[in-house]
>>> print(open('model.pdb').read())   # PDB, N, CA and C atoms, pLDDT in the B column
MODEL        1
ATOM      1  N   MET F   1      56.907 103.039  41.174  1.00 91.00           N
ATOM      2  CA  MET F   1      57.552 104.256  41.580  1.00 91.00           C
ATOM      3  C   MET F   1      56.476 105.303  41.823  1.00 91.00           C
ATOM      4  N   LYS F   2      56.606 106.002  42.906  1.00 94.00           N
ATOM      5  CA  LYS F   2      55.684 107.089  43.227  1.00 94.00           C
ATOM      6  C   LYS F   2      56.465 108.392  43.324  1.00 94.00           C
ATOM      7  N   ILE F   3      55.853 109.417  42.791  1.00 94.00           N
ATOM      8  CA  ILE F   3      56.429 110.757  42.905  1.00 94.00           C
ATOM      9  C   ILE F   3      55.374 111.631  43.540  1.00 94.00           C
ATOM     10  N   LYS F   4      55.762 112.329  44.558  1.00 94.00           N
ATOM     11  CA  LYS F   4      54.826 113.204  45.264  1.00 94.00           C
ATOM     12  C   LYS F   4      55.371 114.623  45.228  1.00 94.00           C
ATOM     13  N   ILE F   5      54.520 115.537  44.796  1.00 91.00           N
ATOM     14  CA  ILE F   5      54.907 116.951  44.734  1.00 91.00           C
ATOM     15  C   ILE F   5      53.891 117.745  45.540  1.00 91.00           C
ATOM     16  N   ASP F   6      54.351 118.490  46.503  1.00 93.00           N
ATOM     17  CA  ASP F   6      53.507 119.380  47.287  1.00 93.00           C
ATOM     18  C   ASP F   6      53.751 120.806  46.830  1.00 93.00           C
ATOM     19  N   ILE F   7      52.674 121.467  46.436  1.00 89.00           N
ATOM     20  CA  ILE F   7      52.773 122.858  46.003  1.00 89.00           C
ATOM     21  C   ILE F   7      51.976 123.692  46.991  1.00 89.00           C
ATOM     22  N   ASP F   8      52.632 124.667  47.553  1.00 94.00           N
ATOM     23  CA  ASP F   8      51.988 125.540  48.524  1.00 94.00           C
ATOM     24  C   ASP F   8      51.755 126.887  47.852  1.00 94.00           C
ATOM     25  N   CYS F   9      50.501 127.114  47.453  1.00 93.00           N
ATOM     26  CA  CYS F   9      50.165 128.384  46.819  1.00 93.00           C
ATOM     27  C   CYS F   9      48.701 128.697  47.086  1.00 93.00           C
ATOM     28  N   THR F  10      48.351 129.922  46.880  1.00 93.00           N
ATOM     29  CA  THR F  10      46.963 130.342  47.058  1.00 93.00           C
ATOM     30  C   THR F  10      46.169 129.972  45.804  1.00 93.00           C
ATOM     31  N   PRO F  11      44.847 129.933  45.896  1.00 89.00           N
ATOM     32  CA  PRO F  11      44.054 129.671  44.689  1.00 89.00           C
ATOM     33  C   PRO F  11      44.318 130.681  43.575  1.00 89.00           C
ATOM     34  N   GLU F  12      44.529 131.923  43.949  1.00 89.00           N
ATOM     35  CA  GLU F  12      44.812 132.946  42.943  1.00 89.00           C
ATOM     36  C   GLU F  12      46.134 132.656  42.225  1.00 89.00           C
ATOM     37  N   GLU F  13      47.140 132.251  42.974  1.00 92.00           N
ATOM     38  CA  GLU F  13      48.431 131.915  42.369  1.00 92.00           C
ATOM     39  C   GLU F  13      48.303 130.696  41.452  1.00 92.00           C
ATOM     40  N   ALA F  14      47.558 129.699  41.871  1.00 91.00           N
ATOM     41  CA  ALA F  14      47.373 128.502  41.049  1.00 91.00           C
ATOM     42  C   ALA F  14      46.627 128.851  39.771  1.00 91.00           C
ATOM     43  N   ARG F  15      45.608 129.677  39.886  1.00 90.00           N
ATOM     44  CA  ARG F  15      44.820 130.086  38.725  1.00 90.00           C
ATOM     45  C   ARG F  15      45.702 130.844  37.731  1.00 90.00           C
ATOM     46  N   THR F  16      46.521 131.735  38.225  1.00 91.00           N
ATOM     47  CA  THR F  16      47.413 132.509  37.364  1.00 91.00           C
ATOM     48  C   THR F  16      48.436 131.595  36.704  1.00 91.00           C
ATOM     49  N   PHE F  17      49.011 130.664  37.459  1.00 91.00           N
ATOM     50  CA  PHE F  17      50.015 129.735  36.933  1.00 91.00           C
ATOM     51  C   PHE F  17      49.425 128.870  35.819  1.00 91.00           C
ATOM     52  N   LEU F  18      48.189 128.426  35.991  1.00 92.00           N
ATOM     53  CA  LEU F  18      47.551 127.569  34.987  1.00 92.00           C
ATOM     54  C   LEU F  18      46.915 128.364  33.844  1.00 92.00           C
ATOM     55  N   GLY F  19      46.904 129.692  33.959  1.00 93.00           N
ATOM     56  CA  GLY F  19      46.363 130.526  32.894  1.00 93.00           C
ATOM     57  C   GLY F  19      44.838 130.588  32.879  1.00 93.00           C
ATOM     58  N   LEU F  20      44.222 130.314  34.010  1.00 93.00           N
ATOM     59  CA  LEU F  20      42.771 130.364  34.090  1.00 93.00           C
ATOM     60  C   LEU F  20      42.295 131.783  34.392  1.00 93.00           C
ATOM     61  N   PRO F  21      41.116 132.156  33.904  1.00 91.00           N
ATOM     62  CA  PRO F  21      40.630 133.520  34.137  1.00 91.00           C
ATOM     63  C   PRO F  21      40.149 133.697  35.584  1.00 91.00           C
ATOM     64  N   ASP F  22      40.219 134.928  36.045  1.00 89.00           N
ATOM     65  CA  ASP F  22      39.714 135.269  37.378  1.00 89.00           C
ATOM     66  C   ASP F  22      38.243 135.639  37.223  1.00 89.00           C
ATOM     67  N   VAL F  23      37.362 134.775  37.701  1.00 90.00           N
ATOM     68  CA  VAL F  23      35.921 134.992  37.545  1.00 90.00           C
ATOM     69  C   VAL F  23      35.289 135.579  38.803  1.00 90.00           C
ATOM     70  N   GLN F  24      36.087 135.904  39.785  1.00 90.00           N
ATOM     71  CA  GLN F  24      35.554 136.428  41.039  1.00 90.00           C
ATOM     72  C   GLN F  24      34.750 137.721  40.844  1.00 90.00           C
ATOM     73  N   PRO F  25      35.195 138.691  40.045  1.00 92.00           N
ATOM     74  CA  PRO F  25      34.372 139.895  39.841  1.00 92.00           C
ATOM     75  C   PRO F  25      33.013 139.574  39.215  1.00 92.00           C
ATOM     76  N   MET F  26      32.984 138.634  38.280  1.00 94.00           N
ATOM     77  CA  MET F  26      31.726 138.243  37.663  1.00 94.00           C
ATOM     78  C   MET F  26      30.814 137.557  38.684  1.00 94.00           C
ATOM     79  N   GLN F  27      31.379 136.712  39.540  1.00 94.00           N
ATOM     80  CA  GLN F  27      30.595 136.042  40.569  1.00 94.00           C
ATOM     81  C   GLN F  27      30.002 137.050  41.554  1.00 94.00           C
ATOM     82  N   GLN F  28      30.786 138.039  41.938  1.00 96.00           N
ATOM     83  CA  GLN F  28      30.291 139.067  42.858  1.00 96.00           C
ATOM     84  C   GLN F  28      29.155 139.852  42.212  1.00 96.00           C
ATOM     85  N   TRP F  29      29.292 140.192  40.931  1.00 96.00           N
ATOM     86  CA  TRP F  29      28.253 140.930  40.228  1.00 96.00           C
ATOM     87  C   TRP F  29      26.978 140.092  40.149  1.00 96.00           C
ATOM     88  N   MET F  30      27.108 138.796  39.804  1.00 96.00           N
ATOM     89  CA  MET F  30      25.943 137.920  39.709  1.00 96.00           C
ATOM     90  C   MET F  30      25.251 137.782  41.063  1.00 96.00           C
ATOM     91  N   MET F  31      26.006 137.654  42.126  1.00 96.00           N
ATOM     92  CA  MET F  31      25.424 137.534  43.460  1.00 96.00           C
ATOM     93  C   MET F  31      24.674 138.804  43.845  1.00 96.00           C
ATOM     94  N   SER F  32      25.230 139.968  43.487  1.00 95.00           N
ATOM     95  CA  SER F  32      24.533 141.222  43.803  1.00 95.00           C
ATOM     96  C   SER F  32      23.230 141.322  43.001  1.00 95.00           C
ATOM     97  N   GLN F  33      23.251 140.871  41.735  1.00 95.00           N
ATOM     98  CA  GLN F  33      22.039 140.882  40.913  1.00 95.00           C
ATOM     99  C   GLN F  33      20.976 139.948  41.496  1.00 95.00           C
ATOM    100  N   MET F  34      21.403 138.764  41.930  1.00 93.00           N
ATOM    101  CA  MET F  34      20.466 137.806  42.523  1.00 93.00           C
ATOM    102  C   MET F  34      19.877 138.358  43.817  1.00 93.00           C
ATOM    103  N   GLN F  35      20.717 139.002  44.612  1.00 93.00           N
ATOM    104  CA  GLN F  35      20.237 139.571  45.871  1.00 93.00           C
ATOM    105  C   GLN F  35      19.214 140.669  45.604  1.00 93.00           C
ATOM    106  N   ASP F  36      19.473 141.515  44.622  1.00 91.00           N
ATOM    107  CA  ASP F  36      18.521 142.580  44.268  1.00 91.00           C
ATOM    108  C   ASP F  36      17.176 141.996  43.840  1.00 91.00           C
ATOM    109  N   ARG F  37      17.211 140.955  43.011  1.00 88.00           N
ATOM    110  CA  ARG F  37      15.972 140.334  42.539  1.00 88.00           C
ATOM    111  C   ARG F  37      15.219 139.678  43.689  1.00 88.00           C
ATOM    112  N   MET F  38      15.942 139.044  44.598  1.00 85.00           N
ATOM    113  CA  MET F  38      15.293 138.411  45.747  1.00 85.00           C
ATOM    114  C   MET F  38      14.652 139.450  46.653  1.00 85.00           C
ATOM    115  N   GLU F  39      15.328 140.577  46.850  1.00 85.00           N
ATOM    116  CA  GLU F  39      14.778 141.639  47.692  1.00 85.00           C
ATOM    117  C   GLU F  39      13.514 142.233  47.063  1.00 85.00           C
ATOM    118  N   LYS F  40      13.514 142.379  45.742  1.00 84.00           N
ATOM    119  CA  LYS F  40      12.318 142.886  45.062  1.00 84.00           C
ATOM    120  C   LYS F  40      11.195 141.873  45.111  1.00 84.00           C
ATOM    121  N   GLY F  41      11.526 140.593  44.997  1.00 78.00           N
ATOM    122  CA  GLY F  41      10.520 139.542  45.009  1.00 78.00           C
ATOM    123  C   GLY F  41       9.893 139.339  46.378  1.00 78.00           C
ATOM    124  N   ILE F  42      10.639 139.610  47.434  1.00 77.00           N
ATOM    125  CA  ILE F  42      10.121 139.387  48.790  1.00 77.00           C
ATOM    126  C   ILE F  42       9.033 140.397  49.123  1.00 77.00           C
ATOM    127  N   GLU F  43       9.040 141.521  48.452  1.00 75.00           N
ATOM    128  CA  GLU F  43       8.003 142.531  48.687  1.00 75.00           C
ATOM    129  C   GLU F  43       6.632 142.002  48.274  1.00 75.00           C
ATOM    130  N   ASN F  44       6.599 141.178  47.228  1.00 72.00           N
ATOM    131  CA  ASN F  44       5.341 140.634  46.715  1.00 72.00           C
ATOM    132  C   ASN F  44       5.056 139.244  47.266  1.00 72.00           C
ATOM    133  N   PHE F  45       5.776 138.831  48.274  1.00 74.00           N
ATOM    134  CA  PHE F  45       5.644 137.480  48.825  1.00 74.00           C
ATOM    135  C   PHE F  45       4.333 137.348  49.593  1.00 74.00           C
ATOM    136  N   ASP F  46       3.522 136.411  49.163  1.00 75.00           N
ATOM    137  CA  ASP F  46       2.262 136.113  49.836  1.00 75.00           C
ATOM    138  C   ASP F  46       2.166 134.597  49.966  1.00 75.00           C
ATOM    139  N   PRO F  47       2.382 134.056  51.172  1.00 78.00           N
ATOM    140  CA  PRO F  47       2.394 132.601  51.335  1.00 78.00           C
ATOM    141  C   PRO F  47       1.111 131.922  50.867  1.00 78.00           C
ATOM    142  N   GLU F  48      -0.051 132.560  51.080  1.00 78.00           N
ATOM    143  CA  GLU F  48      -1.322 131.947  50.690  1.00 78.00           C
ATOM    144  C   GLU F  48      -1.401 131.758  49.180  1.00 78.00           C
ATOM    145  N   THR F  49      -0.994 132.763  48.426  1.00 74.00           N
ATOM    146  CA  THR F  49      -1.027 132.676  46.966  1.00 74.00           C
ATOM    147  C   THR F  49      -0.067 131.604  46.466  1.00 74.00           C
ATOM    148  N   ILE F  50       1.104 131.540  47.065  1.00 72.00           N
ATOM    149  CA  ILE F  50       2.089 130.539  46.647  1.00 72.00           C
ATOM    150  C   ILE F  50       1.568 129.131  46.926  1.00 72.00           C
ATOM    151  N   MET F  51       0.983 128.915  48.088  1.00 75.00           N
ATOM    152  CA  MET F  51       0.465 127.595  48.437  1.00 75.00           C
ATOM    153  C   MET F  51      -0.682 127.197  47.508  1.00 75.00           C
ATOM    154  N   LYS F  52      -1.534 128.137  47.146  1.00 74.00           N
ATOM    155  CA  LYS F  52      -2.625 127.838  46.216  1.00 74.00           C
ATOM    156  C   LYS F  52      -2.059 127.429  44.854  1.00 74.00           C
ATOM    157  N   ALA F  53      -1.032 128.118  44.419  1.00 71.00           N
ATOM    158  CA  ALA F  53      -0.425 127.805  43.128  1.00 71.00           C
ATOM    159  C   ALA F  53       0.226 126.426  43.147  1.00 71.00           C
ATOM    160  N   TRP F  54       0.802 126.034  44.274  1.00 71.00           N
ATOM    161  CA  TRP F  54       1.482 124.740  44.367  1.00 71.00           C
ATOM    162  C   TRP F  54       0.502 123.597  44.580  1.00 71.00           C
ATOM    163  N   ILE F  55      -0.494 123.803  45.404  1.00 73.00           N
ATOM    164  CA  ILE F  55      -1.362 122.700  45.817  1.00 73.00           C
ATOM    165  C   ILE F  55      -2.478 122.439  44.814  1.00 73.00           C
ATOM    166  N   THR F  56      -3.093 123.448  44.266  1.00 66.00           N
ATOM    167  CA  THR F  56      -4.233 123.269  43.375  1.00 66.00           C
ATOM    168  C   THR F  56      -3.919 122.363  42.184  1.00 66.00           C
ATOM    169  N   PRO F  57      -2.829 122.576  41.450  1.00 65.00           N
ATOM    170  CA  PRO F  57      -2.543 121.650  40.338  1.00 65.00           C
ATOM    171  C   PRO F  57      -2.317 120.222  40.832  1.00 65.00           C
ATOM    172  N   GLY F  58      -1.737 120.073  42.004  1.00 64.00           N
ATOM    173  CA  GLY F  58      -1.510 118.739  42.539  1.00 64.00           C
ATOM    174  C   GLY F  58      -2.815 118.021  42.836  1.00 64.00           C
ATOM    175  N   ILE F  59      -3.758 118.735  43.391  1.00 65.00           N
ATOM    176  CA  ILE F  59      -5.057 118.144  43.709  1.00 65.00           C
ATOM    177  C   ILE F  59      -5.812 117.801  42.422  1.00 65.00           C
ATOM    178  N   GLU F  60      -5.779 118.710  41.455  1.00 68.00           N
ATOM    179  CA  GLU F  60      -6.438 118.444  40.177  1.00 68.00           C
ATOM    180  C   GLU F  60      -5.784 117.257  39.484  1.00 68.00           C
ATOM    181  N   GLY F  61      -4.465 117.184  39.553  1.00 69.00           N
ATOM    182  CA  GLY F  61      -3.750 116.060  38.953  1.00 69.00           C
ATOM    183  C   GLY F  61      -4.138 114.751  39.612  1.00 69.00           C
ATOM    184  N   PHE F  62      -4.336 114.775  40.918  1.00 72.00           N
ATOM    185  CA  PHE F  62      -4.750 113.575  41.643  1.00 72.00           C
ATOM    186  C   PHE F  62      -6.142 113.147  41.186  1.00 72.00           C
ATOM    187  N   GLY F  63      -7.034 114.112  40.995  1.00 74.00           N
ATOM    188  CA  GLY F  63      -8.382 113.813  40.516  1.00 74.00           C
ATOM    189  C   GLY F  63      -8.357 113.188  39.129  1.00 74.00           C
ATOM    190  N   GLN F  64      -7.519 113.702  38.264  1.00 74.00           N
ATOM    191  CA  GLN F  64      -7.401 113.150  36.915  1.00 74.00           C
ATOM    192  C   GLN F  64      -6.834 111.735  36.955  1.00 74.00           C
ATOM    193  N   LEU F  65      -5.866 111.503  37.829  1.00 74.00           N
ATOM    194  CA  LEU F  65      -5.308 110.169  37.983  1.00 74.00           C
ATOM    195  C   LEU F  65      -6.371 109.195  38.470  1.00 74.00           C
ATOM    196  N   GLN F  66      -7.155 109.635  39.440  1.00 78.00           N
ATOM    197  CA  GLN F  66      -8.219 108.790  39.987  1.00 78.00           C
ATOM    198  C   GLN F  66      -9.245 108.447  38.891  1.00 78.00           C
ATOM    199  N   LYS F  67      -9.630 109.426  38.075  1.00 81.00           N
ATOM    200  CA  LYS F  67     -10.571 109.174  36.985  1.00 81.00           C
ATOM    201  C   LYS F  67      -9.992 108.173  35.988  1.00 81.00           C
ATOM    202  N   ALA F  68      -8.714 108.320  35.669  1.00 80.00           N
ATOM    203  CA  ALA F  68      -8.077 107.404  34.723  1.00 80.00           C
ATOM    204  C   ALA F  68      -8.048 105.981  35.282  1.00 80.00           C
ATOM    205  N   LEU F  69      -7.763 105.849  36.559  1.00 80.00           N
ATOM    206  CA  LEU F  69      -7.745 104.521  37.173  1.00 80.00           C
ATOM    207  C   LEU F  69      -9.138 103.900  37.178  1.00 80.00           C
ATOM    208  N   TRP F  70     -10.147 104.708  37.472  1.00 83.00           N
ATOM    209  CA  TRP F  70     -11.527 104.202  37.473  1.00 83.00           C
ATOM    210  C   TRP F  70     -11.925 103.783  36.062  1.00 83.00           C
ATOM    211  N   ALA F  71     -11.553 104.575  35.066  1.00 81.00           N
ATOM    212  CA  ALA F  71     -11.890 104.243  33.684  1.00 81.00           C
ATOM    213  C   ALA F  71     -11.197 102.953  33.265  1.00 81.00           C
ATOM    214  N   ALA F  72      -9.940 102.800  33.647  1.00 78.00           N
ATOM    215  CA  ALA F  72      -9.206 101.583  33.311  1.00 78.00           C
ATOM    216  C   ALA F  72      -9.830 100.377  34.001  1.00 78.00           C
ATOM    217  N   ALA F  73     -10.213 100.535  35.266  1.00 78.00           N
ATOM    218  CA  ALA F  73     -10.824  99.435  35.997  1.00 78.00           C
ATOM    219  C   ALA F  73     -12.176  99.076  35.400  1.00 78.00           C
ATOM    220  N   ALA F  74     -12.953 100.071  34.994  1.00 78.00           N
ATOM    221  CA  ALA F  74     -14.257  99.818  34.395  1.00 78.00           C
ATOM    222  C   ALA F  74     -14.094  99.131  33.044  1.00 78.00           C
ATOM    223  N   GLY F  75     -13.087  99.493  32.294  1.00 72.00           N
ATOM    224  CA  GLY F  75     -12.827  98.869  31.001  1.00 72.00           C
ATOM    225  C   GLY F  75     -12.433  97.407  31.158  1.00 72.00           C
ATOM    226  N   GLU F  76     -11.639  97.100  32.149  1.00 64.00           N
ATOM    227  CA  GLU F  76     -11.213  95.731  32.397  1.00 64.00           C
ATOM    228  C   GLU F  76     -12.361  94.892  32.958  1.00 64.00           C
ATOM    229  N   ALA F  77     -13.291  95.517  33.659  1.00 62.00           N
ATOM    230  CA  ALA F  77     -14.393  94.782  34.277  1.00 62.00           C
ATOM    231  C   ALA F  77     -15.329  94.196  33.234  1.00 62.00           C
ATOM    232  N   GLY F  78     -15.446  94.823  32.082  1.00 60.00           N
ATOM    233  CA  GLY F  78     -16.354  94.344  31.056  1.00 60.00           C
ATOM    234  C   GLY F  78     -15.766  93.251  30.189  1.00 60.00           C
ATOM    235  N   LYS F  79     -14.467  92.995  30.303  1.00 62.00           N
ATOM    236  CA  LYS F  79     -13.804  91.998  29.468  1.00 62.00           C
ATOM    237  C   LYS F  79     -13.790  90.647  30.176  1.00 62.00           C
ATOM    238  N   PRO F  80     -13.823  89.553  29.417  1.00 63.00           N
ATOM    239  CA  PRO F  80     -13.718  88.244  30.044  1.00 63.00           C
ATOM    240  C   PRO F  80     -12.310  88.035  30.613  1.00 63.00           C
ATOM    241  N   ALA F  81     -12.215  87.217  31.644  1.00 60.00           N
ATOM    242  CA  ALA F  81     -10.927  86.952  32.283  1.00 60.00           C
ATOM    243  C   ALA F  81     -10.019  86.163  31.352  1.00 60.00           C
ATOM    244  N   LYS F  82      -8.720  86.470  31.416  1.00 62.00           N
ATOM    245  CA  LYS F  82      -7.747  85.760  30.581  1.00 62.00           C
ATOM    246  C   LYS F  82      -7.384  84.447  31.262  1.00 62.00           C
ATOM    247  N   LYS F  83      -7.221  83.392  30.448  1.00 57.00           N
ATOM    248  CA  LYS F  83      -6.853  82.090  31.004  1.00 57.00           C
ATOM    249  C   LYS F  83      -5.440  81.738  30.656  1.00 57.00           C
TER     250      LYS F  83
ENDMDL
END
>>> encode(input="model.pdb", output="structure tokens")
Amino acid sequence: MKIKIDIDCTPEEARTFLGLPDVQPMQQWMMSQMQDRMEKGIENFDPETIMKAWITPGIEGFGQLQKALWAAAAGEAGKPAKK
């Protein structure tokens, strides 16, 4: 047996019927706060500084990985082969 119920209501009506809180004012306030912070942050935006901050640790990390691989390879080179 199947029962199908179609309810035609707005999201606000459904929220009220189910007893859920209206969070729209809080969402609008949060969005305005985020927009203000983004506008303040864009004033200090310098692509060169951001790229240096992102790329430099990556390059250093690659160098450390390479050193670790070389050390591991050198350590294995001195050991006799396993049979």
>>> select_by_dssp(input="model.pdb", residues="chain F", states="helix (DSSP H, G or I)", output="PyMOL selection string")
chain F and resi 11-18+24-43+47-77
>>> atom_distance(input="model.pdb", atom1="atom C of Asp6 in chain F", atom2="atom C of Leu20 in chain F")
20.2 Å
>>> atom_distance(input="model.pdb", atom1="CA of Ile5 in chain F", atom2="CA of Gln24 in chain F")
27.7 Å
